[in-house]
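Peer 1: Input file: coords22.txt. Contents: compact mmCIF, C-alpha atoms.
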```
# COMPACT_ATOMS: atom_id res chain seq x y z
CA MET X 270 108.29 -58.54 166.34
CA THR X 271 108.81 -57.92 170.02
CA GLU X 272 112.06 -56.01 169.53
CA VAL X 273 110.35 -53.21 167.62
CA LEU X 274 107.41 -52.88 170.02
CA PRO X 275 108.94 -50.08 172.18
CA ALA X 276 109.65 -48.01 169.07
CA LEU X 277 106.11 -48.66 167.86
CA TYR X 278 104.59 -47.57 171.17
CA ALA X 279 106.68 -44.39 171.18
CA LEU X 280 105.59 -43.59 167.61
CA MET X 281 101.96 -44.31 168.47
CA LEU X 282 102.18 -41.94 171.45
CA PHE X 283 103.74 -39.26 169.24
CA MET X 284 100.98 -39.70 166.65
CA LEU X 285 98.27 -39.54 169.31
CA ILE X 286 99.69 -36.33 170.78
CA GLY X 287 100.06 -34.82 167.31
CA ALA X 288 96.50 -35.74 166.36
CA ILE X 289 95.08 -34.29 169.58
CA ILE X 290 97.00 -31.04 169.07
CA ALA X 291 95.85 -30.91 165.44
CA VAL X 292 92.23 -31.15 166.55
CA GLU X 293 92.43 -28.85 169.55
CA THR X 294 94.66 -25.98 168.42
CA ARG X 295 93.08 -22.72 167.32
CA ASP X 296 95.68 -21.86 164.71
CA LEU X 297 95.02 -23.59 161.40
CA LEU X 298 98.69 -23.52 160.38
CA SER X 299 99.75 -25.35 163.57
CA SER X 300 96.97 -27.83 162.96
CA VAL X 301 98.20 -28.58 159.45
CA LEU X 302 101.79 -28.96 160.66
CA CYS X 303 100.73 -31.38 163.40
CA LEU X 304 98.83 -33.38 160.80
CA GLY X 305 102.02 -33.55 158.73
CA ALA X 306 103.97 -34.77 161.76
CA VAL X 307 101.38 -37.51 162.32
CA GLY X 308 101.62 -38.58 158.69
CA LEU X 309 105.42 -38.72 158.69
CA ALA X 310 105.37 -40.72 161.95
CA LEU X 311 103.00 -43.11 160.19
CA ALA X 312 105.60 -43.44 157.43
CA VAL X 313 108.19 -44.39 160.06
CA VAL X 314 105.73 -46.92 161.51
CA ASP X 315 105.40 -48.47 158.05
CA LEU X 316 109.19 -48.63 157.83
CA VAL X 317 109.49 -50.28 161.26
CA LEU X 318 106.84 -52.83 160.25
CA LYS X 319 108.92 -53.67 157.14
CA ALA X 320 106.64 -52.13 154.52
CA PRO X 321 109.03 -49.80 152.62
CA ASP X 322 106.69 -49.40 149.63
CA LEU X 323 103.94 -48.04 151.84
CA ALA X 324 106.40 -45.93 153.82
CA LEU X 325 107.69 -44.23 150.67
CA THR X 326 104.20 -43.56 149.34
CA GLN X 327 102.95 -42.33 152.70
CA ALA X 328 105.89 -39.94 153.19
CA VAL X 329 105.63 -38.50 149.68
CA VAL X 330 101.85 -38.11 149.64
CA GLU X 331 101.92 -36.60 153.13
CA THR X 332 104.49 -34.02 152.05
CA PHE X 333 102.44 -33.13 148.98
CA ALA X 334 99.22 -32.85 151.00
CA VAL X 335 100.82 -30.73 153.73
CA VAL X 336 102.31 -28.32 151.19
CA LEU X 337 98.92 -28.05 149.49
CA MET X 338 97.13 -27.41 152.78
CA ILE X 339 99.70 -24.85 153.93
CA ARG X 340 99.26 -23.09 150.60
CA LEU X 341 95.50 -23.00 151.11
CA VAL X 342 95.74 -21.89 154.77
CA VAL X 343 98.22 -19.12 154.04
CA ALA X 344 95.87 -17.79 151.34
CA ARG X 345 93.32 -17.00 154.04
CA GLU X 346 93.58 -13.71 155.86
CA ASP X 347 92.47 -15.18 159.17
CA THR X 348 94.28 -18.41 160.03
CA THR X 349 92.49 -19.02 163.32
CA ARG X 350 89.24 -20.81 163.69
CA GLU X 351 86.30 -20.80 166.05
CA PHE X 352 86.44 -23.42 168.76
CA THR X 353 83.05 -25.02 169.16
CA GLY X 354 82.02 -27.61 171.73
CA ASP X 355 80.63 -27.37 175.23
CA THR X 356 81.24 -29.49 178.34
CA LEU X 357 78.25 -31.74 177.73
CA HIS X 358 79.43 -32.44 174.20
CA VAL X 359 82.96 -33.31 175.34
CA ALA X 360 81.68 -35.49 178.19
CA PHE X 361 79.37 -37.39 175.83
CA VAL X 362 82.14 -37.99 173.29
CA SER X 363 84.57 -39.08 176.02
CA ALA X 364 82.05 -41.57 177.45
CA LEU X 365 81.41 -42.95 173.96
CA LEU X 366 85.17 -43.26 173.40
CA VAL X 367 85.63 -45.21 176.66
CA VAL X 368 82.82 -47.60 175.73
CA LEU X 369 84.32 -48.12 172.26
CA LEU X 370 87.77 -48.73 173.78
CA LEU X 371 86.34 -51.37 176.14
CA ILE X 372 84.54 -53.10 173.25
CA SER X 373 87.63 -53.04 171.03
CA TRP X 374 89.75 -54.36 173.93
CA GLN X 375 87.43 -57.35 174.13
CA CYS X 376 87.66 -57.81 170.35
CA PHE X 377 91.45 -57.55 170.17
CA GLU X 378 91.87 -60.15 172.93
CA GLY X 379 90.91 -62.84 170.43
CA LEU X 380 93.20 -61.66 167.65
CA ARG X 381 96.43 -63.36 166.76
CA PRO X 382 99.68 -61.44 167.32
CA VAL X 383 100.97 -59.14 164.59
CA GLY X 384 103.18 -60.97 162.11
CA ASP X 385 101.41 -64.30 162.61
CA PRO X 386 98.31 -64.02 160.42
CA LEU X 387 95.54 -66.59 160.25
CA MET X 388 95.35 -66.31 156.46
CA THR X 389 98.17 -67.93 154.51
CA MET X 390 97.44 -65.88 151.38
CA GLY X 391 100.70 -63.97 151.69
CA ASN X 392 102.83 -67.08 151.26
CA GLU X 393 100.84 -68.04 148.17
CA TYR X 394 101.56 -64.63 146.67
CA LEU X 395 105.25 -64.93 147.55
CA GLU X 396 105.44 -68.27 145.75
CA ALA X 397 103.28 -67.40 142.76
CA GLY X 398 104.93 -63.98 142.37
CA ARG X 399 108.02 -65.77 141.08
CA ALA X 400 106.21 -66.33 137.78
CA THR X 401 105.73 -62.59 137.15
CA GLY X 402 109.48 -61.97 137.12
CA ALA X 403 109.23 -58.80 139.22
CA ALA X 404 111.71 -58.88 142.09
CA ASN X 405 109.53 -56.60 144.20
CA ARG X 406 106.61 -58.81 145.18
CA VAL X 407 104.48 -55.84 146.26
CA THR X 408 104.62 -54.45 142.74
CA ALA X 409 103.89 -57.92 141.40
CA VAL X 410 100.71 -58.01 143.47
CA ILE X 411 99.69 -54.44 142.66
CA LEU X 412 100.26 -54.59 138.91
CA ASP X 413 99.65 -58.26 138.19
CA PHE X 414 97.48 -60.21 140.61
CA ARG X 415 95.39 -57.21 141.52
CA ALA X 416 95.81 -55.08 138.43
CA TYR X 417 92.06 -54.53 138.34
CA ASP X 418 92.34 -52.74 141.69
CA THR X 419 95.08 -50.53 140.28
CA LEU X 420 92.98 -49.78 137.20
CA GLY X 421 90.09 -48.77 139.46
CA GLU X 422 92.38 -46.62 141.58
CA ALA X 423 93.78 -44.93 138.47
CA THR X 424 90.22 -44.27 137.30
CA VAL X 425 89.32 -42.74 140.67
CA ILE X 426 92.30 -40.36 140.51
CA PHE X 427 91.51 -39.50 136.90
CA VAL X 428 87.88 -38.66 137.70
CA ALA X 429 88.87 -36.69 140.81
CA ILE X 430 91.32 -34.54 138.86
CA LEU X 431 88.78 -34.13 136.06
CA GLY X 432 86.31 -32.87 138.66
CA CYS X 433 88.99 -30.50 140.01
CA TYR X 434 89.50 -29.10 136.51
CA ALA X 435 85.75 -28.74 135.96
CA LEU X 436 85.14 -26.97 139.27
CA LEU X 437 88.12 -24.60 139.14
CA ARG X 438 87.94 -23.66 135.48
CA THR X 439 87.46 -20.03 134.53
CA ARG X 440 86.76 -20.38 130.83
CA GLY X 441 83.11 -20.93 130.05
CA LYS X 442 81.90 -19.49 133.34
CA THR X 443 79.61 -16.47 133.25
CA GLU X 444 80.71 -13.21 134.89
CA PRO X 445 78.43 -13.50 137.96
CA GLN X 446 79.80 -16.98 138.69
CA ILE X 447 83.38 -15.72 138.71
CA HIS X 448 82.46 -12.85 140.99
CA ALA X 449 80.68 -15.28 143.28
CA ASP X 450 83.87 -17.36 143.44
CA GLU X 451 85.90 -14.29 144.29
CA ARG X 452 83.60 -13.34 147.15
CA GLU X 453 83.97 -16.72 148.87
CA MET U 265 100.34 -16.39 142.95
CA ARG U 266 103.74 -14.71 143.07
CA GLY U 267 107.09 -16.44 143.28
CA MET U 268 109.66 -16.37 146.05
CA THR U 269 113.03 -14.65 146.41
CA PHE U 270 116.10 -15.03 144.22
CA ILE U 271 117.80 -17.32 146.78
CA VAL U 272 114.92 -19.79 146.74
CA GLN U 273 114.76 -19.71 142.95
CA THR U 274 118.49 -20.45 142.63
CA MET U 275 118.28 -23.33 145.11
CA VAL U 276 115.28 -24.76 143.27
CA MET U 277 117.22 -24.59 140.01
CA PHE U 278 120.00 -26.62 141.68
CA LEU U 279 117.70 -29.16 143.28
CA ILE U 280 115.01 -29.75 140.70
CA GLY U 281 117.17 -31.97 138.52
CA PHE U 282 118.00 -34.31 141.40
CA ILE U 283 114.39 -34.45 142.55
CA MET U 284 113.08 -35.29 139.09
CA LEU U 285 115.87 -37.83 138.61
CA PHE U 286 114.91 -39.52 141.88
CA GLY U 287 111.27 -39.55 140.79
CA VAL U 288 112.13 -41.16 137.46
CA TYR U 289 114.37 -43.67 139.27
CA VAL U 290 111.58 -44.65 141.65
CA VAL U 291 109.19 -45.06 138.72
CA ILE U 292 111.39 -47.18 136.45
CA THR U 293 112.79 -49.40 139.21
CA GLY U 294 109.41 -49.92 140.82
CA HIS U 295 109.52 -53.64 140.05
CA LEU U 296 112.92 -54.06 141.74
CA SER U 297 112.97 -51.79 144.77
CA PRO U 298 110.38 -50.11 146.98
CA GLY U 299 108.37 -47.49 145.21
CA GLY U 300 106.54 -47.80 141.94
CA GLY U 301 104.43 -45.72 139.67
CA PHE U 302 102.30 -44.01 142.29
CA ALA U 303 105.07 -42.97 144.68
CA GLY U 304 107.40 -41.93 141.83
CA GLY U 305 104.62 -39.95 140.19
CA VAL U 306 103.95 -38.06 143.40
CA ILE U 307 107.69 -37.32 143.71
CA LEU U 308 107.67 -35.91 140.16
CA ALA U 309 104.60 -33.81 140.99
CA SER U 310 106.27 -32.59 144.19
CA GLY U 311 109.30 -31.43 142.23
CA LEU U 312 107.10 -29.47 139.85
CA LEU U 313 105.18 -28.15 142.86
CA LEU U 314 108.46 -26.79 144.22
CA VAL U 315 108.96 -24.97 140.91
CA VAL U 316 105.44 -23.54 141.08
CA LEU U 317 106.01 -22.31 144.64
CA ALA U 318 109.40 -20.76 143.84
CA PHE U 319 108.70 -19.14 140.48
CA GLY U 320 104.99 -18.46 140.76
CA ALA U 321 102.08 -20.11 139.03
CA ASP U 322 101.94 -17.57 136.21
CA THR U 323 105.53 -18.20 135.08
CA VAL U 324 105.06 -21.95 135.17
CA ARG U 325 101.77 -21.71 133.31
CA ALA U 326 103.39 -19.58 130.65
CA ARG U 327 106.16 -22.16 130.18
CA LEU U 328 104.24 -25.42 130.59
CA GLY U 329 100.53 -24.76 130.64
CA HIS U 330 97.65 -26.93 131.65
CA ASN U 331 97.35 -28.53 128.27
CA LEU U 332 100.70 -30.25 128.76
CA ALA U 333 99.65 -31.69 132.13
CA VAL U 334 96.32 -32.84 130.73
CA THR U 335 98.04 -34.40 127.71
CA TRP U 336 100.56 -36.36 129.78
CA GLU U 337 97.94 -37.47 132.26
CA THR U 338 95.68 -38.74 129.50
CA LEU U 339 98.63 -40.45 127.82
CA GLY U 340 99.42 -42.24 131.07
CA ALA U 341 95.83 -43.37 131.54
CA ILE U 342 95.56 -44.57 127.94
CA GLY U 343 98.93 -46.29 128.24
CA PHE U 344 97.89 -48.27 131.30
CA LEU U 345 94.59 -49.22 129.69
CA GLY U 346 96.47 -50.14 126.50
CA ILE U 347 98.80 -52.45 128.42
CA ALA U 348 95.73 -54.02 129.99
CA LEU U 349 94.11 -54.46 126.58
CA LEU U 350 97.32 -55.91 125.10
CA GLY U 351 96.69 -58.81 127.46
CA PHE U 352 94.17 -60.02 124.89
CA ILE U 353 97.17 -61.18 122.83
CA ALA U 354 97.63 -63.84 125.48
CA GLY U 355 93.95 -64.40 126.00
CA THR U 356 92.33 -62.16 128.59
CA PHE U 357 92.35 -58.65 130.01
CA PHE U 358 95.59 -58.02 131.98
CA ALA U 359 97.09 -61.40 131.00
CA HIS U 360 100.84 -61.83 130.59
CA PHE U 361 101.61 -61.06 126.98
CA MET U 362 105.36 -60.69 127.44
CA ARG U 363 107.59 -63.51 128.55
CA PRO U 364 108.71 -62.40 132.01
CA ALA U 365 112.41 -62.61 132.70
CA SER U 366 113.38 -62.62 136.34
CA GLY U 367 116.27 -61.34 138.38
CA PHE U 368 117.41 -57.93 139.51
CA ARG U 369 117.75 -56.34 136.09
CA LEU U 370 115.82 -53.46 134.56
CA PHE U 371 114.05 -55.34 131.79
CA THR U 372 112.37 -57.98 133.89
CA GLY U 373 108.84 -58.56 135.04
CA GLY U 374 107.08 -58.56 131.68
CA ALA U 375 104.74 -55.60 131.31
CA ILE U 376 105.04 -54.45 134.94
CA PRO U 377 107.72 -51.75 134.35
CA TYR U 378 105.67 -50.28 131.50
CA SER U 379 102.55 -50.19 133.69
CA ASN U 380 104.64 -48.41 136.33
CA ILE U 381 105.77 -45.79 133.82
CA ALA U 382 102.18 -45.21 132.66
CA ILE U 383 100.90 -44.82 136.21
CA GLY U 384 103.81 -42.55 137.12
CA LEU U 385 103.01 -40.26 134.19
CA LYS U 386 99.33 -40.26 135.06
CA VAL U 387 99.75 -39.51 138.76
CA GLY U 388 102.56 -36.98 138.34
CA ALA U 389 100.92 -34.96 135.59
CA GLY U 390 97.50 -35.20 137.21
CA LEU U 391 98.57 -33.95 140.63
CA PHE U 392 100.71 -31.23 139.07
CA GLY U 393 97.79 -30.05 136.93
CA ALA U 394 95.45 -30.05 139.90
CA PHE U 395 97.91 -28.03 141.99
CA LEU U 396 98.46 -25.56 139.16
CA MET U 397 94.69 -25.17 138.89
CA LEU U 398 94.38 -24.57 142.65
CA ALA U 399 97.23 -22.04 142.58
CA ALA U 400 95.59 -20.22 139.69
CA PHE U 401 92.18 -20.20 141.31
CA ARG U 402 92.93 -17.31 143.69
CA ALA U 403 93.92 -15.05 140.83
CA GLY U 404 90.25 -14.86 139.90
CA GLU U 405 90.95 -13.48 136.44
CA LYS U 406 88.79 -14.66 133.62
CA GLY U 407 90.59 -17.02 131.28
CA SER U 408 93.61 -17.49 133.53
CA GLY U 409 92.80 -21.06 134.50
CA ASP U 410 92.94 -23.12 131.37
CA GLU U 411 95.22 -21.45 128.89
```
Would you encode the structure as structure tokens?
Peer 2:
Amino acid sequence: MTEVLPALYALMLFMLIGAIIAVETRDLLSSVLCLGAVGLALAVVDLVLKAPDLALTQAVVETFAVVLMIRLVVAREDTTREFTGDTLHVAFVSALLVVLLLISWQCFEGLRPVGDPLMTMGNEYLEAGRATGAANRVTAVILDFRAYDTLGEATVIFVAILGCYALLRTRGKTEPQIHADERE
Amino acid sequence: MRGMTFIVQTMVMFLIGFIMLFGVYVVITGHLSPGGGFAGGVILASGLLLVVLAFGADTVRARLGHNLAVTWETLGAIGFLGIALLGFIAGTFFAHFMRPASGFRLFTGGAIPYSNIAIGLKVGAGLFGAFLMLAAFRAGEKGSGDE
């Protein structure tokens, strides 16, 4: 664990800088690109922490989402945005952040180190996963032990895409509705 | 939404086969190597997204159409639910109904590879359909969205 810590800290710093730029920049396109950089760094973090399944999914979904957002940003004529927030606002948020950091520092003091969990559930899954026959234990957990979760997740995606179809359809809409959509 | 230049279109024609092959590989070997239905499905959707960006949404809609995406997505969802219901052969919902072989071969893991394929179809077709719908939305023409 300790040998990957420097790489992890460097990636965390990169992600922090990227996230701050994404929030603070005026140009929406730069913001979206910084968000993509943060997501891909998160994929590398997953890889460093030996979770290749998550890393693959994170990298692929991030790419898809960034392309989608770039497509939506480029469709706008004006890709800048108004910067709102005054000094009082920023000072209040900063103070709140410091307080939260102090509280979480106190909380994390009592935690066990990464890679040495209190729960021994993982070992049980590793042993019992032998019975499923799937060599990839992550898939064994996702599609066997916790298949109900996967079914729920599949339902969520199905309903979300159904809602997307229903909202963006053009057939069955009246003329004023379509013109209202165009004006937006 | 218009397409891109001839160079991009030619490159996409070269690359799309490899991208889709990689997506299919990630889906069907999800029980052996990192990946699985969700990640492979998103790779498949990304490949089709590349085609939409290069050739334009209208061309793709003329060739594939939304009905195809909806059909495949529904087939994937029904397939996954069907595999879950087939568990009743062995007793309960999601129970093992196939005798799971083990080892690093393709036909291992009981029903897990088939679940992966169903989820891959569902996610890939669903995301592709949603992106096609979003790309068509700006056109603003009546009847252009769902034909």
Peer 1: Name all residues at most 12 Å from Phe395 (chain U) (count only C-alpha atoms; drop same-chain ones fewer than 6 positions away) and give them as a PDB file with C-alpha atoms, in the frame of the given file.
Peer 2:
```
ATOM      1  CA  PHE X 333     102.440 -33.130 148.980  1.00  0.00           C
ATOM      2  CA  ALA X 334      99.220 -32.850 151.000  1.00  0.00           C
ATOM      3  CA  VAL X 336     102.310 -28.320 151.190  1.00  0.00           C
ATOM      4  CA  LEU X 337      98.920 -28.050 149.490  1.00  0.00           C
ATOM      5  CA  MET X 338      97.130 -27.410 152.780  1.00  0.00           C
ATOM      6  CA  ARG X 340      99.260 -23.090 150.600  1.00  0.00           C
ATOM      7  CA  LEU X 341      95.500 -23.000 151.110  1.00  0.00           C
ATOM      8  CA  ILE X 430      91.320 -34.540 138.860  1.00  0.00           C
ATOM      9  CA  CYS X 433      88.990 -30.500 140.010  1.00  0.00           C
ATOM     10  CA  TYR X 434      89.500 -29.100 136.510  1.00  0.00           C
ATOM     11  CA  LEU X 437      88.120 -24.600 139.140  1.00  0.00           C
TER      12      LEU X 437
ATOM     13  CA  MET U 265     100.340 -16.390 142.950  1.00  0.00           C
ATOM     14  CA  VAL U 306     103.950 -38.060 143.400  1.00  0.00           C
ATOM     15  CA  ALA U 309     104.600 -33.810 140.990  1.00  0.00           C
ATOM     16  CA  SER U 310     106.270 -32.590 144.190  1.00  0.00           C
ATOM     17  CA  GLY U 311     109.300 -31.430 142.230  1.00  0.00           C
ATOM     18  CA  LEU U 312     107.100 -29.470 139.850  1.00  0.00           C
ATOM     19  CA  LEU U 313     105.180 -28.150 142.860  1.00  0.00           C
ATOM     20  CA  LEU U 314     108.460 -26.790 144.220  1.00  0.00           C
ATOM     21  CA  VAL U 315     108.960 -24.970 140.910  1.00  0.00           C
ATOM     22  CA  VAL U 316     105.440 -23.540 141.080  1.00  0.00           C
ATOM     23  CA  LEU U 317     106.010 -22.310 144.640  1.00  0.00           C
ATOM     24  CA  GLY U 320     104.990 -18.460 140.760  1.00  0.00           C
ATOM     25  CA  ALA U 321     102.080 -20.110 139.030  1.00  0.00           C
ATOM     26  CA  VAL U 324     105.060 -21.950 135.170  1.00  0.00           C
ATOM     27  CA  ARG U 325     101.770 -21.710 133.310  1.00  0.00           C
ATOM     28  CA  HIS U 330      97.650 -26.930 131.650  1.00  0.00           C
ATOM     29  CA  ALA U 333      99.650 -31.690 132.130  1.00  0.00           C
ATOM     30  CA  GLY U 388     102.560 -36.980 138.340  1.00  0.00           C
ATOM     31  CA  ALA U 389     100.920 -34.960 135.590  1.00  0.00           C
ATOM     32  CA  PHE U 401      92.180 -20.200 141.310  1.00  0.00           C
ATOM     33  CA  ARG U 402      92.930 -17.310 143.690  1.00  0.00           C
ATOM     34  CA  GLY U 409      92.800 -21.060 134.500  1.00  0.00           C
TER      35      GLY U 409
END
```
Peer 1: Using only C-alpha atoms, I'd like a table of the residues in chain X that come within 7 Å of chain U; for each, show the closest atom pair and its distance in Å rounded to one decimal, ordered by chain and ascending number, as a tab-separated table.
Peer 2:
```
residue	atom	partner	partner_atom	distance
X:Pro321	CA	U:Pro298	CA	5.8
X:Asp322	CA	U:Pro298	CA	4.6
X:Leu325	CA	U:Gly299	CA	6.4
X:Thr326	CA	U:Ala303	CA	4.8
X:Val329	CA	U:Ile307	CA	6.4
X:Val330	CA	U:Val306	CA	6.6
X:Phe333	CA	U:Ser310	CA	6.2
X:Thr401	CA	U:Gly373	CA	5.5
X:Gly402	CA	U:Ser366	CA	4.0
X:Ala403	CA	U:Gly373	CA	4.2
X:Ala404	CA	U:Leu296	CA	5.0
X:Asn405	CA	U:Leu296	CA	4.9
X:Thr408	CA	U:His295	CA	5.6
X:Leu412	CA	U:Ile376	CA	6.2
X:Ile430	CA	U:Ala394	CA	6.2
X:Cys433	CA	U:Ala394	CA	6.5
X:Tyr434	CA	U:Ala394	CA	6.9
X:Leu437	CA	U:Phe401	CA	6.4
X:Arg438	CA	U:Gly409	CA	5.6
X:Thr439	CA	U:Gly407	CA	5.4
X:Arg440	CA	U:Gly407	CA	5.1
X:Glu451	CA	U:Gly404	CA	6.2
```
Peer 1: Just to confirm, what's the straight-line distance from CA of Trp374 (chain X) to CA of Gln327 (chain X) in Å (one decimal)?
Peer 2: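 Atom-to-atom, CA of Trp374 (chain X) and CA of Gln327 (chain X) are spaced 27.7 Å apart.
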Peer 1: Figure out the distance between CA of Gly287 (chain X) and CA of Ala344 (chain X), please, to one decimal in Å.
Peer 2: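 Going from CA of Ala344 (chain X) over to CA of Gly287 (chain X) covers 23.7 Å.
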Peer 1: Identify, on the basis of only C-alpha atoms, every residue whose closest approach to Leu304 (chain X) does not exceed 10 Å; exclude the query and any residue fewer than 2 positions from it along the same chain; express the result as JSON, numbers by chain.
Peer 2: {"X": [284, 287, 288, 289, 290, 291, 292, 298, 299, 300, 301, 302, 306, 307, 308, 309, 310, 331, 334, 335]}
Peer 1: Any idea what the distance is between CA of Phe427 (chain X) and CA of Arg406 (chain X)?
Peer 2: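 Separation of CA of Phe427 (chain X) and CA of Arg406 (chain X): 25.9 Å.
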Peer 1: Extending 6 Å beyond the listed atoms of region 318-323 of chain U on each side, what axis-aligned box results? I want centre and edge lengths in Å to one decimal, as lines of an AutoDock Vina configuration file.
Peer 2:
```
center_x = 105.7
center_y = -19.2
center_z = 139.5
size_x = 19.5
size_y = 15.2
size_z = 20.8
```
Peer 1: Which is closer to Ile347 (chain U) than all the others in U:Arg327, U:Leu385, U:Phe361, U:Ile271, using all atoms listed in the file?
Peer 2: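 Nearest to Ile347 (chain U): U:Phe361.
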Peer 1: Skipping near chain neighbours, those fewer than 3 positions away, what residues fall within 12 Å of region 380-391 of chain X using all atoms listed in the file, listed as a list in words?
Peer 2: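 In the requested form, the answer reads Met270, Thr271, Val273, Leu274, Leu318, Lys319, Ser373, Trp374, Gln375, Cys376, Phe377, Tyr394, Leu395, Glu396, Ala397, Gly398, Arg406, Val407 and Val410 of chain X.
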Peer 1: Find the spatial neighbours of Thr348 (chain X), counting all atoms listed in the file, within a cut-off of 8 Å - ignore same-chain residues fewer than 4 positions away - and output them as a PDB file with C-alpha atoms, keeping the file's coordinate frame.
Peer 2:
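And here is the file that came out, out_2.pdb:
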```pdb
ATOM      1  CA  ASP X 296      95.680 -21.860 164.710  1.00  0.00           C
ATOM      2  CA  LEU X 297      95.020 -23.590 161.400  1.00  0.00           C
ATOM      3  CA  LEU X 298      98.690 -23.520 160.380  1.00  0.00           C
ATOM      4  CA  VAL X 342      95.740 -21.890 154.770  1.00  0.00           C
ATOM      5  CA  VAL X 343      98.220 -19.120 154.040  1.00  0.00           C
TER       6      VAL X 343
END
```
